[in-house]
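See below for model.cif, which holds mmCIF, C-alpha atoms and all ligand atoms.
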```
data_upload
loop_
_atom_site.label_atom_id
_atom_site.label_comp_id
_atom_site.auth_asym_id
_atom_site.auth_seq_id
_atom_site.Cartn_x
_atom_site.Cartn_y
_atom_site.Cartn_z
CA MET R 761 51.54 -65.03 108.86
CA PRO R 762 48.15 -65.35 110.55
CA SER R 763 48.01 -68.58 112.52
CA HIS R 764 44.37 -68.43 113.57
CA TYR R 765 43.17 -69.66 110.21
CA ALA R 766 43.08 -73.31 109.25
CA PRO R 767 46.17 -74.16 107.20
CA HIS R 768 45.74 -73.86 103.49
CA ARG R 769 47.39 -76.45 101.30
CA VAL R 770 48.24 -76.30 97.63
CA ARG R 771 49.29 -79.26 95.54
CA ILE R 772 52.35 -78.07 93.66
CA PRO R 773 54.98 -80.42 92.32
CA ILE R 774 58.35 -78.65 92.42
CA LEU R 775 61.01 -80.37 90.33
CA THR R 776 64.60 -80.01 91.54
CA TYR R 777 67.53 -79.84 89.15
CA HIS R 778 71.16 -78.95 89.77
CA ARG R 779 73.41 -79.22 86.72
CA VAL R 780 72.25 -79.51 83.12
CA HIS R 781 75.48 -80.19 81.35
CA THR R 782 77.35 -82.80 79.36
CA PHE R 783 78.84 -84.73 82.26
CA ALA R 784 81.88 -85.92 80.31
CA THR R 785 83.06 -82.31 79.86
CA GLU R 786 82.07 -81.08 83.30
CA LEU R 787 84.51 -78.60 84.78
CA HIS R 788 83.47 -78.95 88.39
CA LYS R 789 82.66 -82.60 88.88
CA SER R 790 79.47 -82.81 90.87
CA GLN R 791 77.83 -85.99 92.01
CA PRO R 792 76.87 -87.70 88.76
CA ASP R 793 73.25 -88.09 89.84
CA LEU R 794 72.95 -84.29 90.05
CA THR R 795 73.91 -83.74 86.40
CA VAL R 796 71.21 -84.11 83.74
CA GLU R 797 72.32 -84.24 80.11
CA PRO R 798 71.10 -81.27 78.00
CA ASP R 799 69.16 -83.44 75.53
CA THR R 800 67.42 -85.18 78.41
CA PHE R 801 66.49 -81.89 80.06
CA ARG R 802 65.08 -80.60 76.77
CA ALA R 803 63.02 -83.77 76.35
CA GLU R 804 61.71 -83.49 79.91
CA MET R 805 60.62 -79.86 79.45
CA ALA R 806 59.06 -80.68 76.07
CA ALA R 807 57.08 -83.53 77.63
CA ILE R 808 55.88 -81.33 80.49
CA ALA R 809 54.73 -78.61 78.09
CA ARG R 810 53.08 -81.11 75.75
CA ALA R 811 51.20 -82.68 78.64
CA GLY R 812 49.65 -79.32 79.45
CA TYR R 813 51.61 -78.46 82.59
CA GLN R 814 52.21 -74.76 83.15
CA THR R 815 55.11 -73.44 85.18
CA ILE R 816 54.21 -70.93 87.87
CA THR R 817 56.29 -68.38 89.73
CA GLN R 818 57.04 -68.29 93.45
CA ARG R 819 54.74 -65.27 93.70
CA GLN R 820 51.92 -67.29 92.15
CA LEU R 821 52.49 -70.06 94.69
CA PHE R 822 52.53 -67.54 97.54
CA ASP R 823 49.30 -65.95 96.31
CA ALA R 824 47.67 -69.36 95.93
CA LEU R 825 48.64 -70.25 99.50
CA TYR R 826 47.80 -66.99 101.24
CA ARG R 827 45.21 -65.33 98.99
CA ALA R 828 43.54 -68.41 97.50
CA ALA R 829 44.54 -67.13 94.06
CA ALA R 830 43.76 -69.51 91.23
CA LEU R 831 46.53 -71.55 89.64
CA PRO R 832 46.57 -73.15 86.21
CA PRO R 833 44.92 -76.59 86.18
CA LYS R 834 48.27 -78.39 85.95
CA PRO R 835 50.79 -76.21 87.77
CA VAL R 836 54.44 -77.10 88.18
CA ILE R 837 57.55 -75.30 89.41
CA VAL R 838 60.94 -76.00 87.92
CA SER R 839 63.68 -75.24 90.45
CA VAL R 840 67.40 -75.24 89.84
CA ASP R 841 69.89 -75.20 92.71
CA ASP R 842 73.45 -73.95 93.07
CA GLY R 843 73.69 -71.29 90.33
CA TYR R 844 75.92 -73.01 87.81
CA VAL R 845 76.56 -71.24 84.52
CA ASP R 846 74.41 -74.00 82.94
CA ASP R 847 71.43 -71.94 84.05
CA VAL R 848 72.01 -69.45 81.23
CA THR R 849 73.86 -71.64 78.73
CA GLU R 850 71.67 -74.76 78.78
CA ILE R 851 68.52 -74.20 80.82
CA LEU R 852 67.31 -70.70 79.92
CA PRO R 853 67.17 -71.35 76.13
CA VAL R 854 65.02 -74.45 76.70
CA LEU R 855 62.70 -72.63 79.09
CA ARG R 856 62.28 -69.83 76.57
CA GLN R 857 61.53 -72.29 73.79
CA TYR R 858 58.68 -73.79 75.78
CA HIS R 859 57.52 -70.49 77.39
CA MET R 860 58.37 -71.73 80.86
CA THR R 861 59.75 -70.08 83.98
CA ALA R 862 61.93 -71.49 86.72
CA THR R 863 63.34 -70.58 90.11
CA PHE R 864 67.12 -70.40 90.32
CA TYR R 865 68.58 -70.67 93.84
CA VAL R 866 72.04 -69.10 93.75
CA ILE R 867 75.00 -69.19 96.14
CA THR R 868 75.87 -65.54 96.47
CA GLY R 869 79.48 -66.09 97.54
CA ARG R 870 80.31 -67.96 94.34
CA THR R 871 79.30 -65.38 91.74
CA HIS R 872 82.90 -64.64 90.87
CA GLU R 873 84.00 -68.27 90.60
CA GLN R 874 84.47 -69.98 87.27
CA GLY R 875 81.59 -72.26 86.37
CA PHE R 876 79.03 -70.27 88.37
CA LEU R 877 76.67 -67.49 87.33
CA ASN R 878 78.18 -64.03 87.55
CA PRO R 879 76.11 -61.02 88.67
CA ASP R 880 75.24 -60.03 85.08
CA GLN R 881 74.00 -63.54 84.33
CA ILE R 882 71.85 -63.57 87.46
CA ARG R 883 70.33 -60.25 86.37
CA GLN R 884 69.84 -61.73 82.89
CA LEU R 885 67.78 -64.58 84.36
CA ALA R 886 65.69 -62.14 86.39
CA ALA R 887 65.13 -59.92 83.34
CA ALA R 888 63.93 -63.01 81.44
CA GLY R 889 61.14 -63.44 84.00
CA MET R 890 62.84 -66.10 86.10
CA ASP R 891 62.68 -66.15 89.90
CA ILE R 892 65.94 -65.79 91.74
CA GLY R 893 66.15 -67.32 95.21
CA ALA R 894 68.91 -67.45 97.81
CA HIS R 895 70.89 -70.62 98.54
CA THR R 896 73.19 -69.03 101.16
CA ARG R 897 76.61 -67.46 100.64
CA THR R 898 78.87 -70.51 100.81
CA HIS R 899 76.54 -73.53 100.65
CA ALA R 900 77.27 -74.35 104.28
CA SER R 901 75.12 -76.91 106.08
CA LEU R 902 73.13 -74.48 108.21
CA PRO R 903 72.17 -76.51 111.32
CA ALA R 904 75.84 -76.87 112.30
CA LEU R 905 76.60 -73.14 112.26
CA PRO R 906 77.03 -70.81 115.23
CA PRO R 907 74.45 -67.98 115.26
CA ALA R 908 76.65 -65.28 113.69
CA GLU R 909 77.62 -67.51 110.78
CA LEU R 910 74.03 -68.67 110.33
CA ARG R 911 72.97 -65.04 110.10
CA SER R 912 75.68 -64.28 107.57
CA GLU R 913 74.65 -67.21 105.36
CA VAL R 914 70.91 -66.50 105.48
CA ASP R 915 70.45 -62.77 105.97
CA GLY R 916 73.73 -62.11 104.18
CA SER R 917 72.60 -63.94 101.04
CA ALA R 918 69.33 -61.99 101.15
CA SER R 919 71.15 -58.67 101.23
CA ASP R 920 73.65 -59.82 98.58
CA LEU R 921 70.77 -60.55 96.20
CA ARG R 922 68.89 -57.39 97.13
CA ARG R 923 71.98 -55.42 96.20
CA LEU R 924 72.58 -57.40 93.03
CA LEU R 925 68.99 -57.30 91.74
CA GLY R 926 67.81 -54.01 93.19
CA HIS R 927 64.82 -55.57 94.94
CA PRO R 928 64.20 -57.95 97.86
CA VAL R 929 64.22 -61.71 97.32
CA TYR R 930 61.66 -63.79 99.20
CA TRP R 931 62.58 -67.34 98.15
CA PHE R 932 65.14 -69.61 99.82
CA ALA R 933 66.55 -73.14 99.46
CA TYR R 934 68.47 -74.98 102.22
CA PRO R 935 71.86 -76.36 101.18
CA TYR R 936 71.74 -80.18 101.39
CA GLY R 937 68.11 -79.72 102.40
CA ALA R 938 69.40 -79.34 105.96
CA PHE R 939 67.45 -77.27 108.48
CA ASN R 940 66.24 -77.25 112.07
CA ASP R 941 64.00 -74.93 114.09
CA ALA R 942 66.74 -72.35 114.63
CA VAL R 943 67.52 -72.30 110.90
CA VAL R 944 63.87 -71.88 109.96
CA ARG R 945 63.55 -69.02 112.46
CA GLU R 946 66.56 -67.31 110.91
CA VAL R 947 65.15 -67.75 107.40
CA ARG R 948 61.86 -66.20 108.54
CA ARG R 949 63.69 -63.37 110.29
CA ALA R 950 65.60 -62.57 107.09
CA GLY R 951 62.27 -61.93 105.35
CA PHE R 952 61.99 -65.06 103.23
CA LEU R 953 58.38 -66.07 102.58
CA LEU R 954 58.80 -69.50 100.97
CA ALA R 955 61.67 -71.95 101.41
CA VAL R 956 62.21 -75.33 99.79
CA THR R 957 63.80 -78.48 101.17
CA THR R 958 64.89 -81.78 99.67
CA ARG R 959 62.10 -83.66 101.47
CA ALA R 960 60.04 -85.57 98.93
CA GLY R 961 56.50 -84.39 98.39
CA GLU R 962 54.25 -82.17 96.33
CA THR R 963 52.14 -80.19 98.78
CA ALA R 964 52.88 -76.70 100.09
CA SER R 965 51.10 -75.58 103.24
CA THR R 966 50.69 -72.37 105.21
CA ASP R 967 51.57 -74.61 108.20
CA ALA R 968 55.16 -74.74 107.02
CA PRO R 969 55.84 -72.29 104.18
CA LEU R 970 59.56 -72.50 104.96
CA GLU R 971 59.62 -76.31 104.71
CA ILE R 972 58.20 -76.97 101.25
CA PRO R 973 58.98 -80.40 99.79
CA ARG R 974 60.23 -81.00 96.26
CA ILE R 975 60.72 -83.78 93.72
CA HIS R 976 64.32 -84.66 92.87
CA VAL R 977 65.00 -85.25 89.17
CA GLY R 978 68.10 -87.37 88.85
CA ARG R 979 70.38 -88.30 86.01
CA ALA R 980 68.52 -91.52 85.31
CA ALA R 981 65.17 -89.76 84.82
CA THR R 982 63.57 -89.64 81.40
CA ALA R 983 60.75 -87.54 80.00
CA SER R 984 58.26 -90.27 80.83
CA THR R 985 59.49 -90.81 84.39
CA VAL R 986 59.26 -87.06 85.03
CA LEU R 987 55.69 -87.09 83.73
CA GLY R 988 55.02 -90.00 86.07
CA LEU R 989 56.38 -88.00 89.02
CA LEU R 990 54.09 -85.09 88.17
CA GLY R 991 51.16 -87.42 87.92
CA GLY R 992 51.24 -87.91 91.66
CA GLY R 993 53.44 -90.95 91.90
CA ALA R 994 55.68 -91.38 94.88
CA ALA R 995 58.50 -88.88 94.68
CA PRO R 996 61.96 -90.39 94.90
CA ARG R 997 64.27 -89.47 97.72
CA ALA R 998 67.12 -87.13 96.92
CA PRO R 999 70.53 -88.76 97.23
CA ALA R 1000 72.41 -88.04 100.44
CA GLY R 1001 74.18 -84.75 100.18
CA ALA R 1002 72.00 -83.40 97.38
CA GLY R 1003 70.58 -79.96 97.47
ZN ZN R 1101 72.75 -76.80 96.74
#
```
Could I get this structure in the form of structure tokens?
Amino acid sequence: MPSHYAPHRVRIPILTYHRVHTFATELHKSQPDLTVEPDTFRAEMAAIARAGYQTITQRQLFDALYRAAALPPKPVIVSVDDGYVDDVTEILPVLRQYHMTATFYVITGRTHEQGFLNPDQIRQLAAAGMDIGAHTRTHASLPALPPAELRSEVDGSASDLRRLLGHPVYWFAYPYGAFNDAVVREVRRAGFLLAVTTRAGETASTDAPLEIPRIHVGRAATASTVLGLLGGGAAPRAPAGAG
């Protein structure tokens, strides 16, 4: 990306979800704070839509950053990490109901495990107009990896998704939000254009397109607290180990 221009910044709140599922019946017990109940998720999306927020795609964010393309007056991105089957059973129907899109960051090495999206379901999300992003192959914490394993997790997940979807994927999320300079270089080398972290914030910048902050939505959130987060309030920190 050209570096001789002044950085361009775009205010874009990106909400982060993981599981949307009835916690009591959860097959793979995740950290409780990472599971939002289906009724709560529906209420949060309804409130966002009613308040006039419009979800945008990763491509729209990229074009706003690099081509000064216009965004809706109240843009928001809904992002969902880890590729649980909830994405098609619980989340997609709600998004469709409210004419919203989301970005789903999937772990490409888990697409044959129970409880996770299979390849057909990932293609179903893409066909429904959703963005698919990479979240590595095994959800390893990337800064700790030797170079060959780092390459397999980052570039490997890009090629897994390219094969699965039939087109390149430009969007990436760091497991546990963990990255360092070597990791960011590898993500750039693999062709990713935008990457999200678990750092709290709501501004994307051409200074650091591979270090975009997000807003964690935890289990205790309600429709009104989510609206408050979008209104520019201080974003809460993600719990340790989230992402
Ligand atoms: Zn994750």
Closest pair table for stretch 819-917 of chain R residues within 12 Å of stretch 966-984 of chain R, only C-alpha atoms, as CSV:
```
residue,atom,partner,partner_atom,distance
R:Leu821,CA,R:Pro969,CA,10.3
R:Phe822,CA,R:Pro969,CA,8.8
R:Asp823,CA,R:Thr966,CA,11.1
R:Ala824,CA,R:Thr966,CA,10.2
R:Leu825,CA,R:Thr966,CA,6.4
R:Tyr826,CA,R:Thr966,CA,7.3
R:Arg827,CA,R:Thr966,CA,10.9
R:Ala828,CA,R:Thr966,CA,11.2
R:Val836,CA,R:Arg974,CA,10.7
R:Ile837,CA,R:Arg974,CA,9.3
R:Val838,CA,R:Ile975,CA,9.7
R:Ser839,CA,R:Arg974,CA,8.9
R:Val840,CA,R:Val977,CA,10.3
R:Asp841,CA,R:His976,CA,11.0
```
Generate the output file for the selected residues, C-alpha atoms, as a compact mmCIF listing (two decimals), keeping the file's coordinate frame.
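Contents of the output file out-v3.txt:
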```txt
# COMPACT_ATOMS: atom_id res chain seq x y z
CA LEU R 821 52.49 -70.06 94.69
CA PHE R 822 52.53 -67.54 97.54
CA ASP R 823 49.30 -65.95 96.31
CA ALA R 824 47.67 -69.36 95.93
CA LEU R 825 48.64 -70.25 99.50
CA TYR R 826 47.80 -66.99 101.24
CA ARG R 827 45.21 -65.33 98.99
CA ALA R 828 43.54 -68.41 97.50
CA VAL R 836 54.44 -77.10 88.18
CA ILE R 837 57.55 -75.30 89.41
CA VAL R 838 60.94 -76.00 87.92
CA SER R 839 63.68 -75.24 90.45
CA VAL R 840 67.40 -75.24 89.84
CA ASP R 841 69.89 -75.20 92.71
```
Exercise. So which one's closest to R:Gly893, R:Phe864, R:Phe952, R:Tyr858, R:Phe783? Using all atoms listed in the file, please.
Worked result: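 Between R:Phe864, R:Phe952, R:Tyr858, R:Phe783, the residue approaching R:Gly893 most closely is R:Phe864.
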Exercise. Which residues, written as a PyMOL selection string, have at least one atom at most 8 Å from R:Glu850, with only C-alpha atoms counted and residues fewer than 5 positions away on the same chain left out?
Worked result: chain R and resi 780-781+798
For this session: Within 6 Å of ligand ZN 1101 (chain R), which residues show up when you count all atoms listed in the file? List them as an MDAnalysis selection string, please.
Result: chainID R and resid 841:842 935:936 1003
Exercise. Expressed in Å to a single decimal, how great is the separation between atom CA of R:Val929 and atom CA of R:Ala894?
Worked result: 7.4 Å
For this session: Check the smallest atom-to-atom distance from each of R:Arg911, R:Leu921, R:Pro832, R:Gln818 to R:Gly889 using only C-alpha atoms, then report the winner.
Result: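 Closest to R:Gly889 of all the choices is R:Gln818.
Counting from atom CA of R:Gln857, the distance to atom CA of R:Ala803 is 11.9 Å.
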Which residues are close to R:Arg945, i.e. within 12 Å by only C-alpha atoms, leaving aside same-chain residues fewer than 2 positions away? Reply as a tab-separated table (two decimals) with C-alpha atoms, keeping the file's coordinate frame.
```
chain	number	residue	atom	x	y	z
R	902	LEU	CA	73.13	-74.48	108.21
R	903	PRO	CA	72.17	-76.51	111.32
R	907	PRO	CA	74.45	-67.98	115.26
R	910	LEU	CA	74.03	-68.67	110.33
R	911	ARG	CA	72.97	-65.04	110.10
R	914	VAL	CA	70.91	-66.50	105.48
R	915	ASP	CA	70.45	-62.77	105.97
R	939	PHE	CA	67.45	-77.27	108.48
R	940	ASN	CA	66.24	-77.25	112.07
R	941	ASP	CA	64.00	-74.93	114.09
R	942	ALA	CA	66.74	-72.35	114.63
R	943	VAL	CA	67.52	-72.30	110.90
R	947	VAL	CA	65.15	-67.75	107.40
R	948	ARG	CA	61.86	-66.20	108.54
R	949	ARG	CA	63.69	-63.37	110.29
R	950	ALA	CA	65.60	-62.57	107.09
R	951	GLY	CA	62.27	-61.93	105.35
R	952	PHE	CA	61.99	-65.06	103.23
R	953	LEU	CA	58.38	-66.07	102.58
R	955	ALA	CA	61.67	-71.95	101.41
R	968	ALA	CA	55.16	-74.74	107.02
R	969	PRO	CA	55.84	-72.29	104.18
R	970	LEU	CA	59.56	-72.50	104.96
R	971	GLU	CA	59.62	-76.31	104.71
```
Exercise. What's the 7 Å shell around R:Arg779, counting only C-alpha atoms, without same-chain residues fewer than 3 positions away, as an MDAnalysis selection string?
Worked result: chainID R and resid 794:796 844 846
Exercise. In terms of the shortest atom-to-atom distance over all atoms listed in the file, which of R:His872, R:Val956, R:Arg819, R:Ala862 is closest to R:Ala938?
Worked result: R:Val956
Exercise. Interatomic distance between atom CA of R:Arg769 and atom CA of R:Glu962?
Worked result: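 Distance between the two atoms: 10.2 Å.
Counting all atoms listed in the file and comparing R:Leu990, R:Leu925, R:Ala784, R:Ile867, the residue that lies closest to R:Arg771 is R:Leu990.
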Problem set entry | Residues within 10 Å of R:Leu885, only C-alpha atoms, excluding chain neighbours under 5 positions, as a list of chain:residue names | R:Asp847, R:Val848, R:Leu852, R:Thr861, R:Ala862, R:Thr863, R:Phe864, R:Leu877, R:Asp880, R:Met890, R:Asp891, R:Ile892
Output the selection as a compact mmCIF listing (two decimals), keeping the file's coordinate frame - C-alpha atoms for each residue.
```txt
# COMPACT_ATOMS: atom_id res chain seq x y z
CA ASP R 847 71.43 -71.94 84.05
CA VAL R 848 72.01 -69.45 81.23
CA LEU R 852 67.31 -70.70 79.92
CA THR R 861 59.75 -70.08 83.98
CA ALA R 862 61.93 -71.49 86.72
CA THR R 863 63.34 -70.58 90.11
CA PHE R 864 67.12 -70.40 90.32
CA LEU R 877 76.67 -67.49 87.33
CA ASP R 880 75.24 -60.03 85.08
CA MET R 890 62.84 -66.10 86.10
CA ASP R 891 62.68 -66.15 89.90
CA ILE R 892 65.94 -65.79 91.74
```
Problem set entry | Residues near R:Ser912, cut-off 10 Å, only C-alpha atoms, skip fewer than 6 positions along chain, as a list in words | Thr896, Arg897, Thr898, Ala918 and Ser919 of chain R
Take the residues just selected and output them with C-alpha atoms as a tab-separated table (two decimals), keeping the file's coordinate frame.
```
chain	number	residue	atom	x	y	z
R	896	THR	CA	73.19	-69.03	101.16
R	897	ARG	CA	76.61	-67.46	100.64
R	898	THR	CA	78.87	-70.51	100.81
R	918	ALA	CA	69.33	-61.99	101.15
R	919	SER	CA	71.15	-58.67	101.23
```
Exercise. Which residue, R:Ser917, R:Thr782, R:Leu924, R:His859, has the smallest gap to R:Asp799 when you use all atoms listed in the file?
Worked result: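 Among R:Ser917, R:Thr782, R:Leu924, R:His859, it is R:Thr782 that comes nearest to R:Asp799.
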Exercise. Between R:Gln884, R:Glu909, R:Ala830, R:Gly916, which has the minimum distance to R:Gly869 (counting all atoms listed in the file)?
Worked result: R:Gly916
What box, with edges along x, y and z, holds each listed atom of stretch 893-900 of chain R when 6 Å is added on every side, and can you state its centre and edge lengths in Å to one decimal, as JSON?
```
{"center_x": 72.5, "center_y": -70.8, "center_z": 99.7, "size_x": 24.7, "size_y": 19.0, "size_z": 21.1}
```
